[in-house]
2 protein chains.
Amino acid sequence: MTDSMGIRELSDRTDVSPHALRYYERAGLMIDVPRDDRGRRAYGDEHVRWVAFLRRLRDAGMGISQIREYAELVRADGAASRSRRLEILRAHRDEVRDRLARLSEHLEVLDRKVADGCAPDGT
Amino acid sequence: MTDSMGIRELSDRTDVSPHALRYYERAGLMIDVPRDDRGRRAYGDEHVRWVAFLRRLRDAGMGISQIREYAELVRADGAASRSRRLEILRAHRDEVRDRLARLSEHLEVLDRKVADGCAPDGT
DNA sequence: GGTTGCGTTGGAGCGCGCTCGAAGAGCGAG
DNA sequence: CTCGCTCTTCGAGCGCGCTCCAACGCAACC
């Protein structure tokens, strides 16, 4: 009854490749990953949650370096950094809003072009 | 009364760098760009429209190679390729719709986290 | 003892979309 | 004649986010 999992299992549970998981660690997105007596990564459920969160930020377009910043805040200061972390999240949320707006404008234009059968010159 | 413009002017009008404009040409996104007697690119208004369209597709997430495919259809077949071109546009529009849906889900989650003040573990 | 299997590390490579630099041509102005 | 300007081509370089390899370690199984 180990309650910890190897890299393969975390990979399976998060749908993130072992290569990418090691990369995230090197890149500072996962700090202080525990090891077993043989030096192998030994993850717990909290890592499943963290990777899911991390992927969410990535999919929302946040860059690796900013996620690292966030991860370091969590690691170093915990609760004390909460307001700074919220600020990061809020700022990124605003960015996502903007991208959403621009993207739906693109969608509109595309829809119109498709509906019109496109201009004669292809534009 | 030249009615044609150099690369700098097209750049200014489209907000795309001269380097990028040359790159687009090399990449097959702009075909048969006319030259003046000194071998310099001589663009017309149709190029302004084409670059704007091209940037629209890029901003909507279409890859260079697919835009090239589209450009080649316009060039080679003109009106005859219209249905195939519409198909490409329609397919990409559907992709944009999907990305829009996923992005707004990310926005929702982010909004919720920000509103909740985030989970204690930073996720 | 050999092989299989799962893990480790460091570092190279890749695909994308530009971006930039070097070297040079052709023109007008001073 | 030289300077400065804008343009040309070719090819290298870059930032991002992985992705993959080579070489090795260690335990278990036949």
# chains A, B, ... in the order shown; residues from 1 in each chain; ligands from 1

$ closest_atom_pairs --of "chain A" --to "chain C" --cutoff "12 Å" --atoms "only C-alpha atoms (C1' of nucleotides)" --output "JSON lines"
{"residue": "A:Gly6", "atom": "CA", "partner": "C:DG7", "partner_atom": "C1'", "distance": 8.7}
{"residue": "A:Ile7", "atom": "CA", "partner": "C:DG7", "partner_atom": "C1'", "distance": 8.5}
{"residue": "A:Arg8", "atom": "CA", "partner": "C:DC6", "partner_atom": "C1'", "distance": 8.9}
{"residue": "A:Glu9", "atom": "CA", "partner": "C:DC6", "partner_atom": "C1'", "distance": 11.6}
{"residue": "A:Pro18", "atom": "CA", "partner": "C:DG7", "partner_atom": "C1'", "distance": 10.6}
{"residue": "A:His19", "atom": "CA", "partner": "C:DT8", "partner_atom": "C1'", "distance": 11.9}
{"residue": "A:Arg22", "atom": "CA", "partner": "C:DT8", "partner_atom": "C1'", "distance": 10.6}
{"residue": "A:Arg26", "atom": "CA", "partner": "C:DT9", "partner_atom": "C1'", "distance": 11.3}
{"residue": "A:Arg35", "atom": "CA", "partner": "C:DT8", "partner_atom": "C1'", "distance": 11.2}
{"residue": "A:Asp36", "atom": "CA", "partner": "C:DG7", "partner_atom": "C1'", "distance": 11.1}
{"residue": "A:Arg38", "atom": "CA", "partner": "C:DG7", "partner_atom": "C1'", "distance": 9.0}
{"residue": "A:Gly39", "atom": "CA", "partner": "C:DT8", "partner_atom": "C1'", "distance": 7.6}
{"residue": "A:Arg40", "atom": "CA", "partner": "C:DG7", "partner_atom": "C1'", "distance": 6.3}
{"residue": "A:Arg41", "atom": "CA", "partner": "C:DG7", "partner_atom": "C1'", "distance": 8.6}
{"residue": "A:Ala42", "atom": "CA", "partner": "C:DG7", "partner_atom": "C1'", "distance": 11.1}

$ calpha_fit_and_write --fixed "chain A" --moving "chain B" --output "CSV table (one decimal) with N, CA and C atoms, in the first residue's frame"
chain,number,residue,atom,x,y,z
B,1,MET,N,0.9,-1.1,0.4
B,1,MET,CA,0.0,0.1,0.3
B,1,MET,C,0.8,1.3,0.1
B,2,THR,N,1.1,1.6,-1.1
B,2,THR,CA,2.1,2.6,-1.4
B,2,THR,C,1.6,4.0,-1.5
B,3,ASP,N,0.4,4.1,-2.0
B,3,ASP,CA,-0.3,5.4,-2.2
B,3,ASP,C,0.5,6.4,-3.1
B,4,SER,N,1.6,5.9,-3.6
B,4,SER,CA,2.3,6.8,-4.6
B,4,SER,C,2.4,6.1,-5.9
B,5,MET,N,2.6,6.9,-7.0
B,5,MET,CA,2.6,6.3,-8.3
B,5,MET,C,3.9,6.7,-9.1
B,6,GLY,N,4.3,5.9,-10.0
B,6,GLY,CA,5.4,6.2,-10.9
B,6,GLY,C,5.0,7.1,-12.0
B,7,ILE,N,6.0,7.5,-12.8
B,7,ILE,CA,5.7,8.5,-13.9
B,7,ILE,C,4.7,8.0,-14.9
B,8,ARG,N,4.8,6.6,-15.2
B,8,ARG,CA,3.9,6.1,-16.2
B,8,ARG,C,2.4,6.2,-15.7
B,9,GLU,N,2.2,6.0,-14.5
B,9,GLU,CA,0.8,6.1,-14.0
B,9,GLU,C,0.3,7.5,-14.0
B,10,LEU,N,1.2,8.4,-13.6
B,10,LEU,CA,0.8,9.9,-13.6
B,10,LEU,C,0.5,10.3,-15.1
B,11,SER,N,1.3,9.8,-15.9
B,11,SER,CA,1.2,10.0,-17.4
B,11,SER,C,-0.2,9.5,-17.8
B,12,ASP,N,-0.5,8.3,-17.4
B,12,ASP,CA,-1.8,7.7,-17.8
B,12,ASP,C,-3.0,8.5,-17.3
B,13,ARG,N,-2.8,8.9,-16.0
B,13,ARG,CA,-3.9,9.6,-15.4
B,13,ARG,C,-4.1,11.0,-15.9
B,14,THR,N,-3.1,11.6,-16.4
B,14,THR,CA,-3.2,13.1,-16.8
B,14,THR,C,-3.2,13.2,-18.3
B,15,ASP,N,-2.8,12.1,-19.0
B,15,ASP,CA,-2.7,12.2,-20.4
B,15,ASP,C,-1.6,13.2,-20.9
B,16,VAL,N,-0.5,13.2,-20.1
B,16,VAL,CA,0.6,14.0,-20.4
B,16,VAL,C,1.8,13.0,-20.5
B,17,SER,N,2.6,13.0,-21.5
B,17,SER,CA,3.7,12.1,-21.7
B,17,SER,C,4.7,12.1,-20.6
B,18,PRO,N,5.4,11.0,-20.2
B,18,PRO,CA,6.4,11.0,-19.3
B,18,PRO,C,7.5,12.1,-19.6
B,19,HIS,N,7.9,12.1,-20.9
B,19,HIS,CA,8.8,13.1,-21.4
B,19,HIS,C,8.4,14.5,-21.0
B,20,ALA,N,7.1,14.8,-21.2
B,20,ALA,CA,6.6,16.1,-20.9
B,20,ALA,C,6.6,16.4,-19.4
B,21,LEU,N,6.3,15.3,-18.6
B,21,LEU,CA,6.3,15.5,-17.2
B,21,LEU,C,7.7,15.8,-16.7
B,22,ARG,N,8.7,15.1,-17.2
B,22,ARG,CA,10.1,15.4,-16.8
B,22,ARG,C,10.5,16.8,-17.2
B,23,TYR,N,10.0,17.2,-18.4
B,23,TYR,CA,10.3,18.5,-18.9
B,23,TYR,C,9.7,19.6,-18.0
B,24,TYR,N,8.4,19.4,-17.6
B,24,TYR,CA,7.8,20.3,-16.7
B,24,TYR,C,8.6,20.5,-15.4
B,25,GLU,N,9.1,19.4,-14.9
B,25,GLU,CA,9.9,19.4,-13.7
B,25,GLU,C,11.2,20.2,-13.9
B,26,ARG,N,11.9,19.9,-15.0
B,26,ARG,CA,13.1,20.7,-15.3
B,26,ARG,C,12.8,22.1,-15.5
B,27,ALA,N,11.7,22.4,-16.1
B,27,ALA,CA,11.3,23.8,-16.4
B,27,ALA,C,10.8,24.6,-15.1
B,28,GLY,N,10.7,23.9,-14.0
B,28,GLY,CA,10.3,24.5,-12.8
B,28,GLY,C,8.8,24.6,-12.6
B,29,LEU,N,8.1,23.8,-13.3
B,29,LEU,CA,6.6,23.8,-13.1
B,29,LEU,C,6.2,22.9,-12.0
B,30,MET,N,7.1,21.9,-11.7
B,30,MET,CA,6.8,21.0,-10.7
B,30,MET,C,8.0,21.0,-9.8
B,31,ILE,N,7.8,21.4,-8.6
B,31,ILE,CA,9.0,21.6,-7.7
B,31,ILE,C,9.0,20.5,-6.6
B,32,ASP,N,10.2,20.1,-6.2
B,32,ASP,CA,10.3,19.1,-5.1
B,32,ASP,C,9.5,17.8,-5.3
B,33,VAL,N,9.6,17.2,-6.5
B,33,VAL,CA,8.9,16.0,-6.7
B,33,VAL,C,9.6,14.9,-5.9
B,34,PRO,N,8.9,14.2,-5.0
B,34,PRO,CA,9.5,13.2,-4.2
B,34,PRO,C,10.0,12.0,-5.0
B,35,ARG,N,11.0,11.3,-4.5
B,35,ARG,CA,11.5,10.1,-5.1
B,35,ARG,C,11.4,8.9,-4.2
B,36,ASP,N,11.4,7.7,-4.8
B,36,ASP,CA,11.4,6.5,-4.0
B,36,ASP,C,12.9,6.2,-3.6
B,37,ASP,N,13.1,5.0,-3.0
B,37,ASP,CA,14.4,4.7,-2.6
B,37,ASP,C,15.4,4.3,-3.7
B,38,ARG,N,14.8,4.2,-4.9
B,38,ARG,CA,15.6,3.9,-6.1
B,38,ARG,C,15.8,5.2,-6.9
B,39,GLY,N,15.4,6.3,-6.4
B,39,GLY,CA,15.6,7.5,-7.2
B,39,GLY,C,14.5,7.8,-8.2
B,40,ARG,N,13.5,7.0,-8.2
B,40,ARG,CA,12.4,7.2,-9.2
B,40,ARG,C,11.3,8.1,-8.6
B,41,ARG,N,10.7,8.9,-9.5
B,41,ARG,CA,9.7,9.9,-9.1
B,41,ARG,C,8.5,9.1,-8.5
B,42,ALA,N,8.1,9.6,-7.3
B,42,ALA,CA,7.0,9.0,-6.7
B,42,ALA,C,5.9,10.0,-6.4
B,43,TYR,N,4.9,10.0,-7.3
B,43,TYR,CA,3.9,11.0,-7.3
B,43,TYR,C,2.7,10.6,-6.4
B,44,GLY,N,2.0,11.6,-5.9
B,44,GLY,CA,0.7,11.4,-5.2
B,44,GLY,C,-0.4,12.0,-5.9
B,45,ASP,N,-1.6,11.9,-5.3
B,45,ASP,CA,-2.8,12.5,-5.9
B,45,ASP,C,-2.7,14.0,-6.1
B,46,GLU,N,-2.0,14.7,-5.2
B,46,GLU,CA,-1.9,16.1,-5.4
B,46,GLU,C,-1.2,16.5,-6.7
B,47,HIS,N,-0.3,15.5,-7.2
B,47,HIS,CA,0.4,15.8,-8.4
B,47,HIS,C,-0.6,15.6,-9.6
B,48,VAL,N,-1.5,14.7,-9.5
B,48,VAL,CA,-2.5,14.6,-10.5
B,48,VAL,C,-3.3,15.9,-10.6
B,49,ARG,N,-3.7,16.5,-9.5
B,49,ARG,CA,-4.4,17.7,-9.5
B,49,ARG,C,-3.5,18.9,-10.1
B,50,TRP,N,-2.3,18.9,-9.7
B,50,TRP,CA,-1.4,20.0,-10.1
B,50,TRP,C,-1.2,19.9,-11.6
B,51,VAL,N,-1.0,18.7,-12.1
B,51,VAL,CA,-0.7,18.6,-13.6
B,51,VAL,C,-2.0,19.0,-14.4
B,52,ALA,N,-3.1,18.6,-13.8
B,52,ALA,CA,-4.4,19.0,-14.5
B,52,ALA,C,-4.5,20.5,-14.5
B,53,PHE,N,-4.2,21.1,-13.4
B,53,PHE,CA,-4.2,22.6,-13.4
B,53,PHE,C,-3.3,23.3,-14.3
B,54,LEU,N,-2.1,22.7,-14.3
B,54,LEU,CA,-1.0,23.2,-15.2
B,54,LEU,C,-1.4,23.1,-16.7
B,55,ARG,N,-2.0,22.0,-17.0
B,55,ARG,CA,-2.5,21.8,-18.4
B,55,ARG,C,-3.6,22.7,-18.7
B,56,ARG,N,-4.4,23.0,-17.8
B,56,ARG,CA,-5.5,24.0,-18.0
B,56,ARG,C,-4.9,25.3,-18.3
B,57,LEU,N,-3.9,25.8,-17.5
B,57,LEU,CA,-3.3,27.0,-17.8
B,57,LEU,C,-2.6,27.1,-19.2
B,58,ARG,N,-1.9,26.0,-19.5
B,58,ARG,CA,-1.3,25.9,-20.8
B,58,ARG,C,-2.3,26.0,-21.9
B,59,ASP,N,-3.4,25.2,-21.8
B,59,ASP,CA,-4.4,25.2,-22.8
B,59,ASP,C,-5.1,26.5,-22.9
B,60,ALA,N,-5.1,27.3,-21.8
B,60,ALA,CA,-5.7,28.6,-21.9
B,60,ALA,C,-4.6,29.6,-22.4
B,61,GLY,N,-3.5,29.1,-22.8
B,61,GLY,CA,-2.5,29.9,-23.5
B,61,GLY,C,-1.5,30.6,-22.6
B,62,MET,N,-1.4,30.2,-21.3
B,62,MET,CA,-0.4,30.7,-20.5
B,62,MET,C,1.0,30.1,-20.8
B,63,GLY,N,2.0,30.9,-20.8
B,63,GLY,CA,3.4,30.4,-21.2
B,63,GLY,C,4.0,29.7,-20.0
B,64,ILE,N,5.0,28.9,-20.4
B,64,ILE,CA,5.7,28.1,-19.4
B,64,ILE,C,6.3,29.0,-18.3
B,65,SER,N,6.9,30.1,-18.7
B,65,SER,CA,7.6,30.9,-17.7
B,65,SER,C,6.7,31.5,-16.7
B,66,GLN,N,5.5,31.8,-17.1
B,66,GLN,CA,4.6,32.4,-16.2
B,66,GLN,C,4.0,31.4,-15.2
B,67,ILE,N,3.8,30.2,-15.8
B,67,ILE,CA,3.4,29.1,-14.9
B,67,ILE,C,4.4,28.8,-13.9
B,68,ARG,N,5.7,28.9,-14.3
B,68,ARG,CA,6.8,28.7,-13.3
B,68,ARG,C,6.7,29.7,-12.2
B,69,GLU,N,6.5,30.9,-12.6
B,69,GLU,CA,6.4,32.0,-11.6
B,69,GLU,C,5.3,31.6,-10.6
B,70,TYR,N,4.2,31.2,-11.1
B,70,TYR,CA,3.1,30.8,-10.2
B,70,TYR,C,3.5,29.7,-9.3
B,71,ALA,N,4.1,28.7,-9.9
B,71,ALA,CA,4.5,27.5,-9.1
B,71,ALA,C,5.5,27.9,-8.0
B,72,GLU,N,6.4,28.8,-8.3
B,72,GLU,CA,7.3,29.2,-7.3
B,72,GLU,C,6.7,30.0,-6.2
B,73,LEU,N,5.6,30.7,-6.5
B,73,LEU,CA,4.9,31.4,-5.5
B,73,LEU,C,4.2,30.4,-4.5
B,74,VAL,N,3.6,29.4,-5.1
B,74,VAL,CA,2.9,28.4,-4.3
B,74,VAL,C,3.9,27.8,-3.4
B,75,ARG,N,5.1,27.4,-4.0
B,75,ARG,CA,6.1,26.7,-3.3
B,75,ARG,C,6.7,27.5,-2.1
B,76,ALA,N,7.1,28.7,-2.5
B,76,ALA,CA,7.8,29.5,-1.5
B,76,ALA,C,7.0,30.1,-0.4
B,77,ASP,N,5.8,30.6,-0.8
B,77,ASP,CA,5.1,31.4,0.2
B,77,ASP,C,3.7,30.8,0.6
B,78,GLY,N,3.3,29.8,-0.2
B,78,GLY,CA,2.0,29.2,0.1
B,78,GLY,C,0.9,30.3,0.2
B,79,ALA,N,0.2,30.3,1.4
B,79,ALA,CA,-0.9,31.2,1.5
B,79,ALA,C,-0.6,32.7,1.4
B,80,ALA,N,0.6,33.0,1.8
B,80,ALA,CA,1.1,34.4,1.8
B,80,ALA,C,1.1,35.0,0.4
B,81,SER,N,1.2,34.1,-0.6
B,81,SER,CA,1.3,34.7,-2.0
B,81,SER,C,0.0,34.6,-2.7
B,82,ARG,N,-1.0,34.3,-1.9
B,82,ARG,CA,-2.3,34.1,-2.6
B,82,ARG,C,-2.8,35.3,-3.4
B,83,SER,N,-2.6,36.5,-2.9
B,83,SER,CA,-3.1,37.7,-3.6
B,83,SER,C,-2.3,37.9,-4.9
B,84,ARG,N,-1.0,37.7,-4.8
B,84,ARG,CA,-0.2,37.8,-6.0
B,84,ARG,C,-0.6,36.8,-7.0
B,85,ARG,N,-0.8,35.6,-6.6
B,85,ARG,CA,-1.2,34.5,-7.5
B,85,ARG,C,-2.6,34.8,-8.1
B,86,LEU,N,-3.5,35.3,-7.3
B,86,LEU,CA,-4.8,35.7,-7.9
B,86,LEU,C,-4.7,36.8,-8.9
B,87,GLU,N,-3.7,37.6,-8.7
B,87,GLU,CA,-3.4,38.7,-9.7
B,87,GLU,C,-3.0,38.1,-11.0
B,88,ILE,N,-2.1,37.2,-10.9
B,88,ILE,CA,-1.6,36.5,-12.2
B,88,ILE,C,-2.8,35.8,-12.9
B,89,LEU,N,-3.6,35.1,-12.1
B,89,LEU,CA,-4.7,34.4,-12.7
B,89,LEU,C,-5.7,35.4,-13.3
B,90,ARG,N,-6.0,36.5,-12.6
B,90,ARG,CA,-6.9,37.5,-13.1
B,90,ARG,C,-6.4,38.1,-14.4
B,91,ALA,N,-5.1,38.4,-14.4
B,91,ALA,CA,-4.5,39.0,-15.6
B,91,ALA,C,-4.6,38.1,-16.8
B,92,HIS,N,-4.4,36.8,-16.5
B,92,HIS,CA,-4.5,35.8,-17.6
B,92,HIS,C,-5.9,35.6,-18.0
B,93,ARG,N,-6.8,35.6,-17.1
B,93,ARG,CA,-8.2,35.5,-17.5
B,93,ARG,C,-8.6,36.7,-18.4
B,94,ASP,N,-8.1,37.9,-18.1
B,94,ASP,CA,-8.4,39.0,-19.0
B,94,ASP,C,-7.9,38.8,-20.4
B,95,GLU,N,-6.7,38.2,-20.5
B,95,GLU,CA,-6.1,37.9,-21.8
B,95,GLU,C,-6.9,36.9,-22.5
B,96,VAL,N,-7.4,35.9,-21.8
B,96,VAL,CA,-8.2,34.9,-22.4
B,96,VAL,C,-9.5,35.5,-23.0
B,97,ARG,N,-10.1,36.4,-22.2
B,97,ARG,CA,-11.3,37.1,-22.6
B,97,ARG,C,-11.0,37.9,-24.0
B,98,ASP,N,-9.9,38.5,-24.0
B,98,ASP,CA,-9.5,39.3,-25.3
B,98,ASP,C,-9.4,38.3,-26.4
B,99,ARG,N,-8.6,37.2,-26.2
B,99,ARG,CA,-8.4,36.3,-27.3
B,99,ARG,C,-9.7,35.7,-27.7
B,100,LEU,N,-10.6,35.5,-26.8
B,100,LEU,CA,-11.9,34.9,-27.1
B,100,LEU,C,-12.7,35.9,-28.0
B,101,ALA,N,-12.6,37.2,-27.7
B,101,ALA,CA,-13.3,38.2,-28.4
B,101,ALA,C,-12.8,38.3,-29.9
B,102,ARG,N,-11.4,38.3,-30.0
B,102,ARG,CA,-10.8,38.3,-31.3
B,102,ARG,C,-11.2,37.1,-32.1
B,103,LEU,N,-11.1,35.9,-31.4
B,103,LEU,CA,-11.4,34.7,-32.1
B,103,LEU,C,-12.8,34.7,-32.6
B,104,SER,N,-13.8,35.2,-31.8
B,104,SER,CA,-15.1,35.1,-32.3
B,104,SER,C,-15.4,36.1,-33.4
B,105,GLU,N,-14.6,37.2,-33.5
B,105,GLU,CA,-14.7,38.0,-34.6
B,105,GLU,C,-14.2,37.3,-35.9
B,106,HIS,N,-13.1,36.6,-35.7
B,106,HIS,CA,-12.6,35.8,-36.9
B,106,HIS,C,-13.6,34.8,-37.3
B,107,LEU,N,-14.3,34.2,-36.4
B,107,LEU,CA,-15.3,33.2,-36.7
B,107,LEU,C,-16.4,33.8,-37.5
B,108,GLU,N,-16.9,35.0,-37.0
B,108,GLU,CA,-17.9,35.7,-37.7
B,108,GLU,C,-17.6,36.0,-39.2
B,109,VAL,N,-16.4,36.5,-39.4
B,109,VAL,CA,-15.9,36.9,-40.7
B,109,VAL,C,-15.9,35.6,-41.6
B,110,LEU,N,-15.3,34.6,-41.0
B,110,LEU,CA,-15.2,33.3,-41.8
B,110,LEU,C,-16.6,32.8,-42.1
B,111,ASP,N,-17.5,32.8,-41.2
B,111,ASP,CA,-18.8,32.4,-41.4
B,111,ASP,C,-19.5,33.2,-42.6
B,112,ARG,N,-19.2,34.5,-42.6
B,112,ARG,CA,-19.8,35.3,-43.6
B,112,ARG,C,-19.2,35.0,-45.0
B,113,LYS,N,-17.9,34.8,-45.0
B,113,LYS,CA,-17.3,34.4,-46.3
B,113,LYS,C,-17.8,33.1,-46.8
B,114,VAL,N,-17.9,32.1,-45.9
B,114,VAL,CA,-18.4,30.8,-46.3
B,114,VAL,C,-19.9,31.0,-46.8
B,115,ALA,N,-20.7,31.7,-46.1
B,115,ALA,CA,-22.1,31.9,-46.5
B,115,ALA,C,-22.2,32.6,-47.9
B,116,ASP,N,-21.3,33.6,-48.1
B,116,ASP,CA,-21.3,34.3,-49.4
B,116,ASP,C,-20.7,33.5,-50.5
B,117,GLY,N,-20.1,32.4,-50.2
B,117,GLY,CA,-19.4,31.7,-51.2
B,117,GLY,C,-18.1,32.3,-51.6
B,118,CYS,N,-17.6,33.2,-50.7
B,118,CYS,CA,-16.3,33.8,-50.8
B,118,CYS,C,-16.3,34.8,-52.0
B,119,ALA,N,-15.3,35.8,-51.8
B,119,ALA,CA,-15.2,36.8,-52.9
B,119,ALA,C,-14.6,36.2,-54.1
B,120,PRO,N,-14.7,36.8,-55.3
B,120,PRO,CA,-14.3,36.2,-56.6
B,120,PRO,C,-12.7,36.0,-56.6
B,121,ASP,N,-12.0,36.9,-55.9
B,121,ASP,CA,-10.6,36.8,-55.9
B,121,ASP,C,-10.0,35.8,-54.8
B,122,GLY,N,-10.9,35.1,-54.1
B,122,GLY,CA,-10.5,34.2,-53.1
B,122,GLY,C,-10.4,34.7,-51.7
B,123,THR,N,-10.5,36.0,-51.6
B,123,THR,CA,-10.5,36.6,-50.2
B,123,THR,C,-11.8,36.7,-49.6

$ select_by_dssp --residues "chain A" --states "helix (DSSP H, G or I)" --output "VMD selection string"
chain A and resid 7 to 14 18 to 26 45 to 59 64 to 116

$ interface_residues --of "chain D" --to "chain A" --cutoff "12 Å" --atoms "only C-alpha atoms (C1' of nucleotides)" --output "list in words"
DG15, DC16, DG17, DC18, DT19, DC20, DC21, DG25, DC26 and DA27 of chain D

$ write_last_selection --atoms "C-alpha atoms (C1' of nucleotides)" --output "tab-separated table (two decimals), in the first residue's frame"
chain	number	residue	atom	x	y	z
D	15	DG	C1'	11.67	31.28	-29.00
D	16	DC	C1'	8.47	28.08	-27.76
D	17	DG	C1'	7.07	23.62	-26.17
D	18	DC	C1'	7.88	19.73	-26.34
D	19	DT	C1'	9.95	14.99	-28.19
D	20	DC	C1'	13.27	11.78	-28.55
D	21	DC	C1'	17.58	9.44	-28.08
D	25	DG	C1'	20.91	1.80	-13.10
D	26	DC	C1'	18.55	-1.53	-10.66
D	27	DA	C1'	15.31	-5.22	-9.55

$ decode --residues "region 11-24 of chain C" --atoms "N, CA and C atoms (P, O5', C5', C4', C3', O3' and C1' of nucleotides)" --output "short mmCIF file (atom, residue, chain, number, x, y, z; two decimals), in the first residue's frame"
data_model
loop_
_atom_site.label_atom_id
_atom_site.label_comp_id
_atom_site.auth_asym_id
_atom_site.auth_seq_id
_atom_site.Cartn_x
_atom_site.Cartn_y
_atom_site.Cartn_z
P DG C 11 24.43 18.49 -20.39
"O5'" DG C 11 24.08 18.18 -21.91
"C5'" DG C 11 24.51 16.96 -22.51
"C4'" DG C 11 23.75 16.75 -23.79
"C3'" DG C 11 23.48 18.04 -24.59
"O3'" DG C 11 23.67 17.77 -25.96
"C1'" DG C 11 21.50 16.90 -24.30
P DA C 12 24.01 18.92 -26.99
"O5'" DA C 12 23.63 18.27 -28.41
"C5'" DA C 12 23.65 16.86 -28.59
"C4'" DA C 12 22.43 16.44 -29.40
"C3'" DA C 12 22.08 17.41 -30.53
"O3'" DA C 12 21.90 16.63 -31.71
"C1'" DA C 12 20.18 17.03 -29.17
P DG C 13 21.59 17.35 -33.10
"O5'" DG C 13 20.01 17.19 -33.18
"C5'" DG C 13 19.40 15.91 -32.96
"C4'" DG C 13 17.92 16.04 -33.26
"C3'" DG C 13 17.63 16.99 -34.42
"O3'" DG C 13 16.64 16.38 -35.23
"C1'" DG C 13 16.46 17.68 -32.46
P DC C 14 16.18 17.02 -36.61
"O5'" DC C 14 14.67 17.34 -36.30
"C5'" DC C 14 13.96 16.59 -35.33
"C4'" DC C 14 12.57 17.17 -35.19
"C3'" DC C 14 12.19 18.10 -36.33
"O3'" DC C 14 10.83 17.92 -36.61
"C1'" DC C 14 12.07 19.28 -34.30
P DG C 15 10.32 17.98 -38.16
"O5'" DG C 15 9.04 18.90 -38.02
"C5'" DG C 15 8.04 18.63 -37.03
"C4'" DG C 15 7.27 19.89 -36.78
"C3'" DG C 15 7.08 20.79 -38.01
"O3'" DG C 15 5.71 21.19 -38.02
"C1'" DG C 15 8.11 22.01 -36.27
P DC C 16 5.14 21.94 -39.32
"O5'" DC C 16 4.87 23.39 -38.77
"C5'" DC C 16 4.28 23.56 -37.49
"C4'" DC C 16 4.58 24.94 -36.99
"C3'" DC C 16 4.51 26.02 -38.05
"O3'" DC C 16 3.36 26.81 -37.79
"C1'" DC C 16 6.34 26.33 -36.55
P DG C 17 2.69 27.71 -38.92
"O5'" DG C 17 3.43 29.09 -38.64
"C5'" DG C 17 3.29 29.68 -37.35
"C4'" DG C 17 4.25 30.84 -37.23
"C3'" DG C 17 4.31 31.76 -38.46
"O3'" DG C 17 4.31 33.12 -38.02
"C1'" DG C 17 6.45 31.08 -37.87
P DC C 18 3.75 34.22 -39.04
"O5'" DC C 18 4.97 34.44 -40.04
"C5'" DC C 18 5.91 35.48 -39.83
"C4'" DC C 18 6.73 35.25 -38.58
"C3'" DC C 18 7.73 36.35 -38.27
"O3'" DC C 18 7.62 36.75 -36.91
"C1'" DC C 18 8.82 34.26 -38.31
P DT C 19 7.93 38.24 -36.52
"O5'" DT C 19 9.54 38.32 -36.62
"C5'" DT C 19 10.34 37.81 -35.57
"C4'" DT C 19 11.80 37.94 -35.92
"C3'" DT C 19 12.21 39.30 -36.49
"O3'" DT C 19 13.15 39.85 -35.58
"C1'" DT C 19 13.19 37.49 -37.69
P DC C 20 13.68 41.31 -35.69
"O5'" DC C 20 15.17 41.00 -36.16
"C5'" DC C 20 15.81 39.81 -35.66
"C4'" DC C 20 17.05 39.52 -36.47
"C3'" DC C 20 17.73 40.75 -37.06
"O3'" DC C 20 19.06 40.72 -36.61
"C1'" DC C 20 17.50 39.04 -38.70
P DG C 21 19.99 42.01 -36.71
"O5'" DG C 21 21.23 41.45 -37.55
"C5'" DG C 21 21.62 40.10 -37.39
"C4'" DG C 21 22.51 39.69 -38.54
"C3'" DG C 21 23.29 40.84 -39.18
"O3'" DG C 21 24.60 40.38 -39.46
"C1'" DG C 21 22.00 39.74 -40.83
P DA C 22 25.69 41.45 -39.84
"O5'" DA C 22 26.36 40.75 -41.11
"C5'" DA C 22 26.30 39.32 -41.27
"C4'" DA C 22 26.56 38.98 -42.71
"C3'" DA C 22 27.46 39.97 -43.45
"O3'" DA C 22 28.29 39.25 -44.34
"C1'" DA C 22 25.37 39.85 -44.53
P DA C 23 29.53 40.02 -45.00
"O5'" DA C 23 29.09 40.12 -46.53
"C5'" DA C 23 28.56 38.96 -47.19
"C4'" DA C 23 27.98 39.41 -48.51
"C3'" DA C 23 28.75 40.56 -49.17
"O3'" DA C 23 28.94 40.26 -50.53
"C1'" DA C 23 26.48 41.10 -49.00
P DG C 24 29.84 41.27 -51.44
"O5'" DG C 24 28.78 41.86 -52.47
"C5'" DG C 24 27.85 40.97 -53.07
"C4'" DG C 24 26.69 41.74 -53.60
"C3'" DG C 24 27.06 43.02 -54.40
"O3'" DG C 24 26.37 42.99 -55.65
"C1'" DG C 24 25.35 43.48 -52.89
#
